[in-house]
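**Student:** Below are the structure tokens for one structure; questions will follow.
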Amino acid sequence: MFDILIVGGGMVGASLAVALQPLKLTIGLIEAFPFGAAEQPSYDDRSIALAYGSSRLYQGMGLWNKLHSGVEAIQHIHISDRGHFGATRLSAAQARVPALGYVVESRVLGRLLYDELATSEIAQYVPASVFAVEQDADGVTVRIERDGVVDALRTRLLVVSDGVNSNVREMLGIAVTRREYQQTAVIANVTTAEPHRHTAYERFTPHGPLALLPLTQGRYSLVWTHDDADVAATMALDDAAFLRKLQAEFGYRQGEFVRVGQRSAYPLVLQKSVCEVAGRAVLIGNASHALHPVAGQGLNLGLRDVATLADLLAEAAQTGADPGNAALLSAYEQRRQPDYAAVVRYTDTLVRVFSNDFAPLGHARAGGLLAVDRIPALRQWITRQSMGLNHQQARLSRGLGLRV
């Protein structure tokens, strides 16, 4: 019998597993795909944006010193609306923090987490697929298949972190609400003639936001939102034509775009589970919520799930309480709801207000950006939101270790 069984070993699930290591609990992790083997660094490595609050989570886990050399700091954020005057500028110096956030290659963070798991006592079922979940008063039975062998695992708490298309969430009967944005994000790494100087750009266009996030080796990570009807044409362009189109959308603030790597595209949706808890099971990460990438909130919201759940499980471990008890899971759900509601409202409003070319609204947007830039209280709220600090702070999110 496990105390905690985690389904899904992506960034959120693996982070939770590593975070819980100090607790005197029996923990298992199920992941459908083999953990990535070590690879040579590539120009095309995918990257993720960690808010300042998320960096403190990894500090509380004791991992930040190992990760810090592989990240690029965001010292400044420049927010603008193409075709209109006005901009908002955020800075780490104004916020009195080392950085507003950091950009790290997925490979780098994933390797660190998998190395930590490899030296842990956490039981790992990789690769393995879940094909049935059954609950009773005392626990959850999870039936898995691995290398053609069927096995049944018992746990007192099941943590579901298997992504936006979660099979386990469906097995638990938890419904979702879903909104299609009719938009697709084009992802690539690009290089500009001018050095990035640790500046991230969020540029709103009539078709959606265009973000440039500073990466190591002088690169930028590009997240370029398209209307669904236009994405195929952009993906079909050769590199030179792609860079010309990107230049026309972004402008010359960073000089010319001189290189683009491999491109990928994925459709954008807003999806939220109707609840986080079913019996002894709890949803975290994309199994619970999937957001538009505007303002880089998605993974960071999932990491705050990790921090809150880890806090509650540490408290339960201190008293010997059942980690799957109803009071604990209810407390988790109640603590997370305000953050979910605020982030969904924030990201969805940005998409709706900025993804159109209605002229009067464009002037209002420009005025809003100027107001945020010039009114300290508004600028502070936006800055704290970008850093992931406008919410209740669990111990890990404050850079503190769990109580053991």
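Ligands are numbered from 1 in the order shown, chains are lettered A, B, ... in the order of the structure tokens, and residues start at 1 in each chain.
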Write out as a list in words the residues lying within 12 Å of A:Thr216, counting only C-alpha atoms and excluding same-chain residues fewer than 5 positions away.
**Tutor:** Pro41, Ser42, Tyr43, Asp44, Asp45, Arg46, Ser47, His68, Ser69, Gly70, Val71, Glu72, Ala73, Ile74, Tyr102, Val103, Val104, Glu105, Val108, Asn189, Val190, Thr191, Pro195, His196, Arg197, His198 and Ser221 of chain A
**Student:** Can you check which residues of stretch 195-334 of chain A DSSP gives as helix (DSSP H, G or I) on the backbone and send them as a compact mmCIF listing (two decimals) with all heavy atoms, in the first residue's frame?
**Tutor:**
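What landed in selection.txt:
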# COMPACT_ATOMS: atom_id res chain seq x y z
N THR A 216 19.47 31.17 -22.91
CA THR A 216 20.92 31.11 -22.90
C THR A 216 21.45 31.17 -24.33
O THR A 216 20.73 30.97 -25.29
CB THR A 216 21.38 29.80 -22.22
OG1 THR A 216 20.79 28.69 -22.91
CG2 THR A 216 20.99 29.76 -20.76
N GLN A 217 22.73 31.44 -24.45
CA GLN A 217 23.43 31.51 -25.74
C GLN A 217 22.85 32.59 -26.65
O GLN A 217 22.92 32.48 -27.88
CB GLN A 217 23.41 30.14 -26.44
CG GLN A 217 24.02 29.03 -25.61
CD GLN A 217 23.80 27.65 -26.22
OE1 GLN A 217 23.46 27.53 -27.39
NE2 GLN A 217 23.99 26.62 -25.42
N GLY A 218 22.28 33.63 -26.06
CA GLY A 218 21.81 34.76 -26.84
C GLY A 218 20.55 34.51 -27.64
O GLY A 218 20.17 35.34 -28.47
N ASP A 228 -6.28 30.17 -36.22
CA ASP A 228 -6.15 28.82 -36.78
C ASP A 228 -6.08 28.81 -38.31
O ASP A 228 -5.35 28.02 -38.91
CB ASP A 228 -7.33 27.95 -36.33
CG ASP A 228 -7.22 27.52 -34.88
OD1 ASP A 228 -6.12 27.67 -34.29
OD2 ASP A 228 -8.22 27.04 -34.32
N ALA A 229 -6.80 29.72 -38.94
CA ALA A 229 -6.86 29.74 -40.40
C ALA A 229 -5.53 30.15 -41.03
O ALA A 229 -5.29 29.89 -42.21
CB ALA A 229 -7.96 30.68 -40.86
N ASP A 230 -4.65 30.79 -40.25
CA ASP A 230 -3.41 31.34 -40.80
C ASP A 230 -2.17 30.51 -40.49
O ASP A 230 -1.11 30.73 -41.08
CB ASP A 230 -3.18 32.76 -40.27
CG ASP A 230 -4.31 33.71 -40.63
OD1 ASP A 230 -4.92 33.51 -41.69
OD2 ASP A 230 -4.58 34.63 -39.84
N VAL A 231 -2.28 29.57 -39.56
CA VAL A 231 -1.07 28.92 -39.06
C VAL A 231 -0.40 28.05 -40.11
O VAL A 231 0.84 27.98 -40.18
CB VAL A 231 -1.38 28.14 -37.77
CG1 VAL A 231 -2.25 26.92 -38.05
CG2 VAL A 231 -0.09 27.72 -37.07
N ALA A 232 -1.17 27.37 -40.93
CA ALA A 232 -0.57 26.47 -41.93
C ALA A 232 0.33 27.24 -42.88
O ALA A 232 1.42 26.77 -43.25
CB ALA A 232 -1.66 25.72 -42.69
N ALA A 233 -0.10 28.41 -43.28
CA ALA A 233 0.70 29.21 -44.20
C ALA A 233 2.01 29.65 -43.57
O ALA A 233 3.07 29.62 -44.21
CB ALA A 233 -0.10 30.44 -44.65
N THR A 234 1.96 30.03 -42.30
CA THR A 234 3.19 30.43 -41.60
C THR A 234 4.13 29.24 -41.44
O THR A 234 5.35 29.36 -41.64
CB THR A 234 2.86 31.03 -40.23
OG1 THR A 234 2.10 32.23 -40.42
CG2 THR A 234 4.12 31.38 -39.46
N MET A 235 3.60 28.10 -41.07
CA MET A 235 4.44 26.92 -40.89
C MET A 235 5.07 26.47 -42.20
O MET A 235 6.15 25.85 -42.21
CB MET A 235 3.61 25.79 -40.28
CG MET A 235 3.16 26.04 -38.86
SD MET A 235 4.53 26.14 -37.67
CE MET A 235 5.01 24.40 -37.59
N ALA A 236 4.43 26.77 -43.34
CA ALA A 236 4.94 26.34 -44.64
C ALA A 236 6.04 27.25 -45.18
O ALA A 236 6.73 26.89 -46.14
CB ALA A 236 3.80 26.26 -45.65
N ASP A 239 12.69 29.52 -43.98
CA ASP A 239 13.19 30.28 -42.84
C ASP A 239 13.27 31.77 -43.12
O ASP A 239 12.90 32.60 -42.27
CB ASP A 239 14.57 29.75 -42.44
CG ASP A 239 14.51 28.41 -41.73
OD1 ASP A 239 13.39 27.93 -41.48
OD2 ASP A 239 15.58 27.85 -41.43
N ALA A 240 13.74 32.14 -44.31
CA ALA A 240 13.89 33.57 -44.62
C ALA A 240 12.53 34.27 -44.64
O ALA A 240 12.37 35.38 -44.10
CB ALA A 240 14.60 33.74 -45.96
N ALA A 241 11.54 33.64 -45.25
CA ALA A 241 10.20 34.24 -45.31
C ALA A 241 9.56 34.27 -43.93
O ALA A 241 8.86 35.24 -43.58
CB ALA A 241 9.33 33.46 -46.29
N PHE A 242 9.79 33.24 -43.13
CA PHE A 242 9.27 33.22 -41.76
C PHE A 242 9.83 34.39 -40.96
O PHE A 242 9.09 35.10 -40.26
CB PHE A 242 9.63 31.89 -41.10
CG PHE A 242 9.16 31.75 -39.68
CD1 PHE A 242 7.91 31.21 -39.40
CD2 PHE A 242 9.95 32.15 -38.62
CE1 PHE A 242 7.46 31.07 -38.09
CE2 PHE A 242 9.52 32.02 -37.30
CZ PHE A 242 8.27 31.48 -37.04
N LEU A 243 11.14 34.62 -41.08
CA LEU A 243 11.76 35.71 -40.34
C LEU A 243 11.27 37.07 -40.81
O LEU A 243 11.10 37.99 -40.00
CB LEU A 243 13.28 35.61 -40.46
CG LEU A 243 13.93 34.43 -39.72
CD1 LEU A 243 15.42 34.37 -40.02
CD2 LEU A 243 13.70 34.50 -38.22
N ARG A 244 11.01 37.21 -42.10
CA ARG A 244 10.46 38.48 -42.60
C ARG A 244 9.07 38.73 -42.03
O ARG A 244 8.74 39.86 -41.64
CB ARG A 244 10.42 38.46 -44.13
CG ARG A 244 11.78 38.62 -44.80
CD ARG A 244 11.63 38.97 -46.28
NE ARG A 244 10.96 37.92 -47.03
CZ ARG A 244 11.59 36.90 -47.61
NH1 ARG A 244 12.92 36.79 -47.52
NH2 ARG A 244 10.92 35.98 -48.30
N LYS A 245 8.25 37.69 -41.98
CA LYS A 245 6.90 37.86 -41.44
C LYS A 245 6.96 38.17 -39.94
O LYS A 245 6.23 39.04 -39.45
CB LYS A 245 6.10 36.58 -41.67
CG LYS A 245 4.65 36.68 -41.20
CD LYS A 245 3.84 35.45 -41.59
CE LYS A 245 2.38 35.61 -41.12
NZ LYS A 245 1.54 34.45 -41.50
N LEU A 246 7.85 37.50 -39.22
CA LEU A 246 8.02 37.77 -37.80
C LEU A 246 8.50 39.20 -37.59
O LEU A 246 8.02 39.90 -36.68
CB LEU A 246 9.01 36.77 -37.20
CG LEU A 246 9.40 36.97 -35.74
CD1 LEU A 246 8.18 36.91 -34.83
CD2 LEU A 246 10.44 35.92 -35.32
N GLN A 247 9.43 39.65 -38.43
CA GLN A 247 9.94 41.02 -38.32
C GLN A 247 8.82 42.04 -38.48
O GLN A 247 8.73 43.03 -37.74
CB GLN A 247 10.99 41.25 -39.41
CG GLN A 247 11.83 42.50 -39.19
CD GLN A 247 13.02 42.23 -38.29
OE1 GLN A 247 13.90 41.47 -38.63
NE2 GLN A 247 13.03 42.86 -37.12
N ALA A 248 7.93 41.80 -39.45
CA ALA A 248 6.83 42.72 -39.69
C ALA A 248 5.88 42.78 -38.50
O ALA A 248 5.32 43.85 -38.19
CB ALA A 248 6.06 42.31 -40.94
N GLU A 249 5.70 41.66 -37.80
CA GLU A 249 4.80 41.63 -36.64
C GLU A 249 5.44 42.26 -35.41
O GLU A 249 4.78 42.96 -34.65
CB GLU A 249 4.41 40.18 -36.33
CG GLU A 249 3.43 39.57 -37.30
CD GLU A 249 2.04 40.15 -37.13
OE1 GLU A 249 1.36 39.79 -36.15
OE2 GLU A 249 1.63 40.97 -37.97
N PHE A 250 6.74 41.99 -35.21
CA PHE A 250 7.38 42.43 -33.98
C PHE A 250 8.02 43.80 -34.11
O PHE A 250 8.02 44.59 -33.16
CB PHE A 250 8.44 41.41 -33.55
CG PHE A 250 9.15 41.78 -32.28
CD1 PHE A 250 8.53 41.59 -31.05
CD2 PHE A 250 10.42 42.35 -32.30
CE1 PHE A 250 9.17 41.96 -29.86
CE2 PHE A 250 11.06 42.71 -31.12
CZ PHE A 250 10.43 42.51 -29.91
N GLY A 285 -1.85 20.37 -11.88
CA GLY A 285 -1.26 20.69 -13.17
C GLY A 285 -2.29 20.71 -14.28
O GLY A 285 -3.46 21.05 -14.08
N ASN A 286 -1.85 20.34 -15.48
CA ASN A 286 -2.73 20.42 -16.65
C ASN A 286 -3.90 19.46 -16.60
O ASN A 286 -4.86 19.63 -17.35
CB ASN A 286 -1.92 20.17 -17.93
CG ASN A 286 -1.15 21.40 -18.37
OD1 ASN A 286 -1.27 22.47 -17.78
ND2 ASN A 286 -0.33 21.25 -19.39
N ALA A 287 -3.86 18.46 -15.75
CA ALA A 287 -5.04 17.61 -15.57
C ALA A 287 -6.19 18.42 -14.98
O ALA A 287 -7.36 18.11 -15.20
CB ALA A 287 -4.71 16.42 -14.68
N VAL A 294 -0.45 33.21 -22.93
CA VAL A 294 -0.23 34.63 -22.69
C VAL A 294 0.18 34.83 -21.23
O VAL A 294 -0.39 34.24 -20.31
CB VAL A 294 -1.50 35.46 -23.01
CG1 VAL A 294 -2.66 35.09 -22.12
CG2 VAL A 294 -1.20 36.95 -22.94
N ALA A 295 1.23 35.63 -21.02
CA ALA A 295 1.75 35.97 -19.69
C ALA A 295 2.42 34.79 -18.99
O ALA A 295 2.82 34.91 -17.84
CB ALA A 295 0.67 36.56 -18.79
N GLY A 296 2.56 33.65 -19.67
CA GLY A 296 3.34 32.54 -19.14
C GLY A 296 2.89 32.01 -17.79
O GLY A 296 3.70 31.73 -16.91
N GLY A 298 0.80 29.14 -17.16
CA GLY A 298 0.34 27.76 -17.05
C GLY A 298 1.15 26.86 -16.14
O GLY A 298 0.65 26.35 -15.14
N LEU A 299 2.43 26.61 -16.46
CA LEU A 299 3.26 25.73 -15.64
C LEU A 299 3.39 26.27 -14.23
O LEU A 299 3.37 25.52 -13.26
CB LEU A 299 4.64 25.56 -16.28
CG LEU A 299 5.65 24.79 -15.41
CD1 LEU A 299 5.20 23.34 -15.19
CD2 LEU A 299 7.04 24.83 -16.02
N ASN A 300 3.51 27.58 -14.11
CA ASN A 300 3.68 28.18 -12.78
C ASN A 300 2.45 27.95 -11.90
O ASN A 300 2.58 27.77 -10.68
CB ASN A 300 3.99 29.66 -12.94
CG ASN A 300 5.31 29.89 -13.67
OD1 ASN A 300 6.37 29.59 -13.14
ND2 ASN A 300 5.24 30.38 -14.89
N LEU A 301 1.28 27.96 -12.51
CA LEU A 301 0.06 27.64 -11.75
C LEU A 301 0.13 26.20 -11.25
O LEU A 301 -0.23 25.90 -10.11
CB LEU A 301 -1.16 27.85 -12.63
CG LEU A 301 -2.54 27.77 -11.97
CD1 LEU A 301 -2.72 28.86 -10.92
CD2 LEU A 301 -3.65 27.85 -13.02
N GLY A 302 0.61 25.29 -12.10
CA GLY A 302 0.75 23.90 -11.69
C GLY A 302 1.78 23.71 -10.59
O GLY A 302 1.60 22.88 -9.69
N LEU A 303 2.86 24.48 -10.63
CA LEU A 303 3.87 24.37 -9.57
C LEU A 303 3.35 24.90 -8.25
O LEU A 303 3.76 24.43 -7.18
CB LEU A 303 5.15 25.11 -9.99
CG LEU A 303 5.91 24.45 -11.15
CD1 LEU A 303 7.09 25.31 -11.58
CD2 LEU A 303 6.38 23.05 -10.78
N ARG A 304 2.41 25.85 -8.31
CA ARG A 304 1.79 26.29 -7.05
C ARG A 304 0.86 25.20 -6.51
O ARG A 304 0.66 25.10 -5.29
CB ARG A 304 1.06 27.62 -7.27
CG ARG A 304 2.03 28.75 -7.61
CD ARG A 304 1.45 30.13 -7.36
NE ARG A 304 0.39 30.51 -8.27
CZ ARG A 304 0.58 31.07 -9.45
NH1 ARG A 304 1.81 31.27 -9.92
NH2 ARG A 304 -0.45 31.44 -10.21
N ASP A 305 0.27 24.40 -7.39
CA ASP A 305 -0.45 23.20 -6.93
C ASP A 305 0.48 22.32 -6.11
O ASP A 305 0.13 21.82 -5.04
CB ASP A 305 -0.97 22.38 -8.12
CG ASP A 305 -2.06 23.07 -8.92
OD1 ASP A 305 -2.65 24.05 -8.44
OD2 ASP A 305 -2.33 22.58 -10.04
N VAL A 306 1.68 22.11 -6.65
CA VAL A 306 2.68 21.28 -5.97
C VAL A 306 2.99 21.82 -4.59
O VAL A 306 3.01 21.08 -3.59
CB VAL A 306 3.97 21.21 -6.82
CG1 VAL A 306 5.12 20.58 -6.02
CG2 VAL A 306 3.73 20.41 -8.10
N ALA A 307 3.25 23.13 -4.51
CA ALA A 307 3.64 23.73 -3.23
C ALA A 307 2.53 23.59 -2.19
O ALA A 307 2.79 23.25 -1.02
CB ALA A 307 3.99 25.20 -3.44
N THR A 308 1.28 23.85 -2.59
CA THR A 308 0.16 23.78 -1.64
C THR A 308 -0.09 22.35 -1.19
O THR A 308 -0.26 22.08 0.01
CB THR A 308 -1.11 24.36 -2.29
OG1 THR A 308 -0.87 25.71 -2.66
CG2 THR A 308 -2.29 24.30 -1.33
N LEU A 309 -0.12 21.41 -2.12
CA LEU A 309 -0.38 20.02 -1.76
C LEU A 309 0.75 19.46 -0.90
O LEU A 309 0.50 18.75 0.08
CB LEU A 309 -0.55 19.18 -3.02
CG LEU A 309 -0.95 17.71 -2.80
CD1 LEU A 309 -2.26 17.60 -2.01
CD2 LEU A 309 -1.09 16.99 -4.14
N ALA A 310 1.99 19.81 -1.22
CA ALA A 310 3.13 19.34 -0.42
C ALA A 310 3.04 19.85 1.00
O ALA A 310 3.34 19.13 1.97
CB ALA A 310 4.44 19.77 -1.07
N ASP A 311 2.63 21.11 1.17
CA ASP A 311 2.46 21.69 2.51
C ASP A 311 1.46 20.88 3.33
O ASP A 311 1.73 20.52 4.49
CB ASP A 311 1.95 23.12 2.38
CG ASP A 311 2.90 24.15 2.97
OD1 ASP A 311 4.05 23.79 3.27
OD2 ASP A 311 2.49 25.31 3.12
N LEU A 312 0.32 20.60 2.75
CA LEU A 312 -0.74 19.87 3.47
C LEU A 312 -0.31 18.45 3.77
O LEU A 312 -0.61 17.92 4.86
CB LEU A 312 -2.02 19.89 2.64
CG LEU A 312 -2.72 21.25 2.54
CD1 LEU A 312 -3.77 21.24 1.44
CD2 LEU A 312 -3.35 21.63 3.88
N LEU A 313 0.38 17.80 2.85
CA LEU A 313 0.83 16.43 3.08
C LEU A 313 1.92 16.38 4.15
O LEU A 313 1.99 15.42 4.92
CB LEU A 313 1.33 15.81 1.78
CG LEU A 313 0.23 15.53 0.75
CD1 LEU A 313 0.84 15.11 -0.59
CD2 LEU A 313 -0.73 14.45 1.26
N ALA A 314 2.75 17.42 4.21
CA ALA A 314 3.77 17.48 5.26
C ALA A 314 3.12 17.62 6.63
O ALA A 314 3.55 16.98 7.61
CB ALA A 314 4.72 18.64 5.00
N GLU A 315 2.08 18.45 6.71
CA GLU A 315 1.36 18.60 7.97
C GLU A 315 0.71 17.29 8.39
O GLU A 315 0.75 16.91 9.57
CB GLU A 315 0.29 19.68 7.84
CG GLU A 315 0.85 21.09 7.64
CD GLU A 315 -0.23 22.09 7.29
OE1 GLU A 315 -1.44 21.72 7.33
OE2 GLU A 315 0.10 23.26 6.96
N ALA A 316 0.14 16.58 7.44
CA ALA A 316 -0.49 15.29 7.74
C ALA A 316 0.55 14.27 8.19
O ALA A 316 0.31 13.49 9.13
CB ALA A 316 -1.24 14.78 6.51
N ALA A 317 1.72 14.28 7.56
CA ALA A 317 2.76 13.32 7.91
C ALA A 317 3.26 13.55 9.33
O ALA A 317 3.62 12.59 10.04
CB ALA A 317 3.92 13.42 6.92
N GLN A 318 3.28 14.80 9.77
CA GLN A 318 3.73 15.11 11.12
C GLN A 318 2.84 14.47 12.17
O GLN A 318 3.32 14.07 13.24
CB GLN A 318 3.78 16.62 11.33
CG GLN A 318 4.99 17.30 10.69
CD GLN A 318 5.04 18.77 11.06
OE1 GLN A 318 4.07 19.51 10.91
NE2 GLN A 318 6.18 19.20 11.56
N THR A 319 1.55 14.40 11.89
CA THR A 319 0.60 13.88 12.87
C THR A 319 0.20 12.43 12.60
O THR A 319 -0.58 11.87 13.36
CB THR A 319 -0.67 14.74 12.87
OG1 THR A 319 -1.29 14.69 11.58
CG2 THR A 319 -0.33 16.19 13.21
N ALA A 326 -10.54 13.25 3.67
CA ALA A 326 -11.41 14.23 3.02
C ALA A 326 -11.11 15.66 3.46
O ALA A 326 -11.18 16.59 2.65
CB ALA A 326 -12.88 13.89 3.29
N ALA A 327 -10.76 15.85 4.73
CA ALA A 327 -10.50 17.21 5.22
C ALA A 327 -9.28 17.81 4.53
O ALA A 327 -9.28 18.99 4.16
CB ALA A 327 -10.31 17.19 6.74
N LEU A 328 -8.24 17.00 4.36
CA LEU A 328 -7.03 17.49 3.71
C LEU A 328 -7.31 17.88 2.26
O LEU A 328 -6.91 18.95 1.80
CB LEU A 328 -5.93 16.41 3.77
CG LEU A 328 -4.54 16.75 3.22
CD1 LEU A 328 -3.48 15.90 3.90
CD2 LEU A 328 -4.44 16.58 1.70
N LEU A 329 -8.02 17.02 1.54
CA LEU A 329 -8.29 17.30 0.13
C LEU A 329 -9.24 18.46 -0.04
O LEU A 329 -9.12 19.25 -0.99
CB LEU A 329 -8.82 16.04 -0.55
CG LEU A 329 -7.83 14.87 -0.57
CD1 LEU A 329 -8.43 13.67 -1.29
CD2 LEU A 329 -6.52 15.27 -1.24
N SER A 330 -10.17 18.61 0.88
CA SER A 330 -11.07 19.76 0.85
C SER A 330 -10.29 21.05 1.09
O SER A 330 -10.53 22.07 0.43
CB SER A 330 -12.17 19.61 1.89
OG SER A 330 -13.01 20.75 1.92
N ALA A 331 -9.34 21.01 2.02
CA ALA A 331 -8.52 22.18 2.30
C ALA A 331 -7.68 22.55 1.08
O ALA A 331 -7.52 23.73 0.75
CB ALA A 331 -7.62 21.91 3.51
N TYR A 332 -7.15 21.53 0.40
CA TYR A 332 -6.38 21.79 -0.81
C TYR A 332 -7.25 22.51 -1.85
O TYR A 332 -6.84 23.53 -2.43
CB TYR A 332 -5.83 20.49 -1.40
CG TYR A 332 -5.23 20.68 -2.77
CD1 TYR A 332 -3.93 21.17 -2.90
CD2 TYR A 332 -5.95 20.41 -3.93
CE1 TYR A 332 -3.38 21.39 -4.15
CE2 TYR A 332 -5.41 20.63 -5.18
CZ TYR A 332 -4.12 21.11 -5.29
OH TYR A 332 -3.58 21.33 -6.54
N GLU A 333 -8.42 21.98 -2.08
CA GLU A 333 -9.30 22.55 -3.09
C GLU A 333 -9.65 24.00 -2.75
O GLU A 333 -9.64 24.88 -3.62
CB GLU A 333 -10.56 21.69 -3.22
CG GLU A 333 -11.32 21.90 -4.50
CD GLU A 333 -12.32 20.78 -4.74
OE1 GLU A 333 -12.88 20.24 -3.75
OE2 GLU A 333 -12.54 20.44 -5.91
N GLN A 334 -9.96 24.25 -1.49
CA GLN A 334 -10.34 25.61 -1.08
C GLN A 334 -9.18 26.59 -1.21
O GLN A 334 -9.37 27.74 -1.62
CB GLN A 334 -10.86 25.59 0.35
CG GLN A 334 -12.20 24.89 0.50
CD GLN A 334 -12.64 24.79 1.96
OE1 GLN A 334 -12.08 25.45 2.84
NE2 GLN A 334 -13.63 23.95 2.22
**Student:** Could you name the residues that touch A:Val133 at 8 Å or less, counting only C-alpha atoms, but leaving out those on the same chain fewer than 2 positions away, as a PyMOL selection string?
**Tutor:** chain A and resi 130-131+135+140-143+168+171-172
**Student:** Determine the nearest neighbour of A:Tyr52 from the options A:Gly101, A:Pro127, A:Gly279, A:Gly399, counting only C-alpha atoms.
**Tutor:**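 Counting only C-alpha atoms, the residue closest to A:Tyr52 is A:Gly101.
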**Student:** Hey, could you make a per-residue contact list for stretch 293-352 of chain A against stretch 151-167 of chain A with 9 Å as the cut-off, showing the nearest pair of atoms and its distance in Å to one decimal, counting only C-alpha atoms, sorted by chain and number, as CSV?
**Tutor:**
residue,atom,partner,partner_atom,distance
A:Asp322,CA,A:Arg156,CA,7.3
A:Pro323,CA,A:Leu157,CA,6.0
A:Gly324,CA,A:Leu157,CA,4.5
A:Asn325,CA,A:Leu157,CA,8.2
**Student:** Between A:Arg146, A:His292, A:Arg403, A:His78, which is the closest to A:Ile30 once you count only C-alpha atoms?
**Tutor:**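 Under the stated criterion, the closest residue is A:Arg146.
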**Student:** Running DSSP on the backbone, which parts of stretch 152-260 of chain A land in strand (DSSP E), as an MDAnalysis selection string?
**Tutor:** chainID A and resid 152:160 176:192 199:205 208:214 219:227 257:260
**Student:** Figure out the distance between atom CA of A:Ile77 and atom CA of A:Arg345, please, to one decimal in Å.
**Tutor:**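 Atom-to-atom, atom CA of A:Arg345 to atom CA of A:Ile77, that is 20.9 Å.
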**Student:** Given only C-alpha atoms as the basis, pick out the residue of A:Leu350, A:Ala278, A:Gln183, A:Leu20 nearest to A:Met61.
**Tutor:**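 Using only C-alpha atoms, A:Met61 sits closest to A:Leu20.
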**Student:** Name all residues at most 12 Å from A:Ser386 (count only C-alpha atoms; drop same-chain ones fewer than 3 positions away) and give them as a PyMOL selection string.
**Tutor:** chain A and resi 49-54+74+76-77+79+90-92+95+99-102+200+202+294-298+300-301+343+346-347+379-383+389-391
**Student:** Which residues, written as a PDB file with N, CA, C and O atoms, in the first residue's frame, have at least one atom at most 7 Å from A:Leu29, with only C-alpha atoms counted and residues fewer than 6 positions away on the same chain left out?
**Tutor:**
ATOM      1  N   LEU A   5       0.403   7.873  -4.572  1.00  0.00           N
ATOM      2  CA  LEU A   5       0.734   7.390  -5.904  1.00  0.00           C
ATOM      3  C   LEU A   5       0.452   8.520  -6.887  1.00  0.00           C
ATOM      4  O   LEU A   5      -0.664   9.043  -6.937  1.00  0.00           O
ATOM      5  N   ILE A   6       1.459   8.903  -7.657  1.00  0.00           N
ATOM      6  CA  ILE A   6       1.353  10.013  -8.607  1.00  0.00           C
ATOM      7  C   ILE A   6       1.295   9.439 -10.011  1.00  0.00           C
ATOM      8  O   ILE A   6       2.174   8.662 -10.407  1.00  0.00           O
ATOM      9  N   VAL A   7       0.276   9.795 -10.763  1.00  0.00           N
ATOM     10  CA  VAL A   7       0.171   9.385 -12.162  1.00  0.00           C
ATOM     11  C   VAL A   7       0.562  10.573 -13.033  1.00  0.00           C
ATOM     12  O   VAL A   7      -0.115  11.598 -13.026  1.00  0.00           O
ATOM     13  N   GLY A   9       4.535  11.808 -14.871  1.00  0.00           N
ATOM     14  CA  GLY A   9       5.872  12.220 -14.451  1.00  0.00           C
ATOM     15  C   GLY A   9       6.427  13.369 -15.259  1.00  0.00           C
ATOM     16  O   GLY A   9       7.650  13.462 -15.445  1.00  0.00           O
ATOM     17  N   ALA A 123       9.212   4.561  -5.708  1.00  0.00           N
ATOM     18  CA  ALA A 123       8.990   3.460  -6.654  1.00  0.00           C
ATOM     19  C   ALA A 123       8.514   4.039  -7.977  1.00  0.00           C
ATOM     20  O   ALA A 123       7.569   4.830  -8.017  1.00  0.00           O
ATOM     21  N   GLN A 124       9.170   3.638  -9.064  1.00  0.00           N
ATOM     22  CA  GLN A 124       8.851   4.217 -10.365  1.00  0.00           C
ATOM     23  C   GLN A 124       8.399   3.136 -11.339  1.00  0.00           C
ATOM     24  O   GLN A 124       9.081   2.130 -11.522  1.00  0.00           O
ATOM     25  N   TYR A 125       7.254   3.385 -11.967  1.00  0.00           N
ATOM     26  CA  TYR A 125       6.685   2.476 -12.964  1.00  0.00           C
ATOM     27  C   TYR A 125       6.724   3.222 -14.300  1.00  0.00           C
ATOM     28  O   TYR A 125       5.809   3.972 -14.641  1.00  0.00           O
TER      29      TYR A 125
END
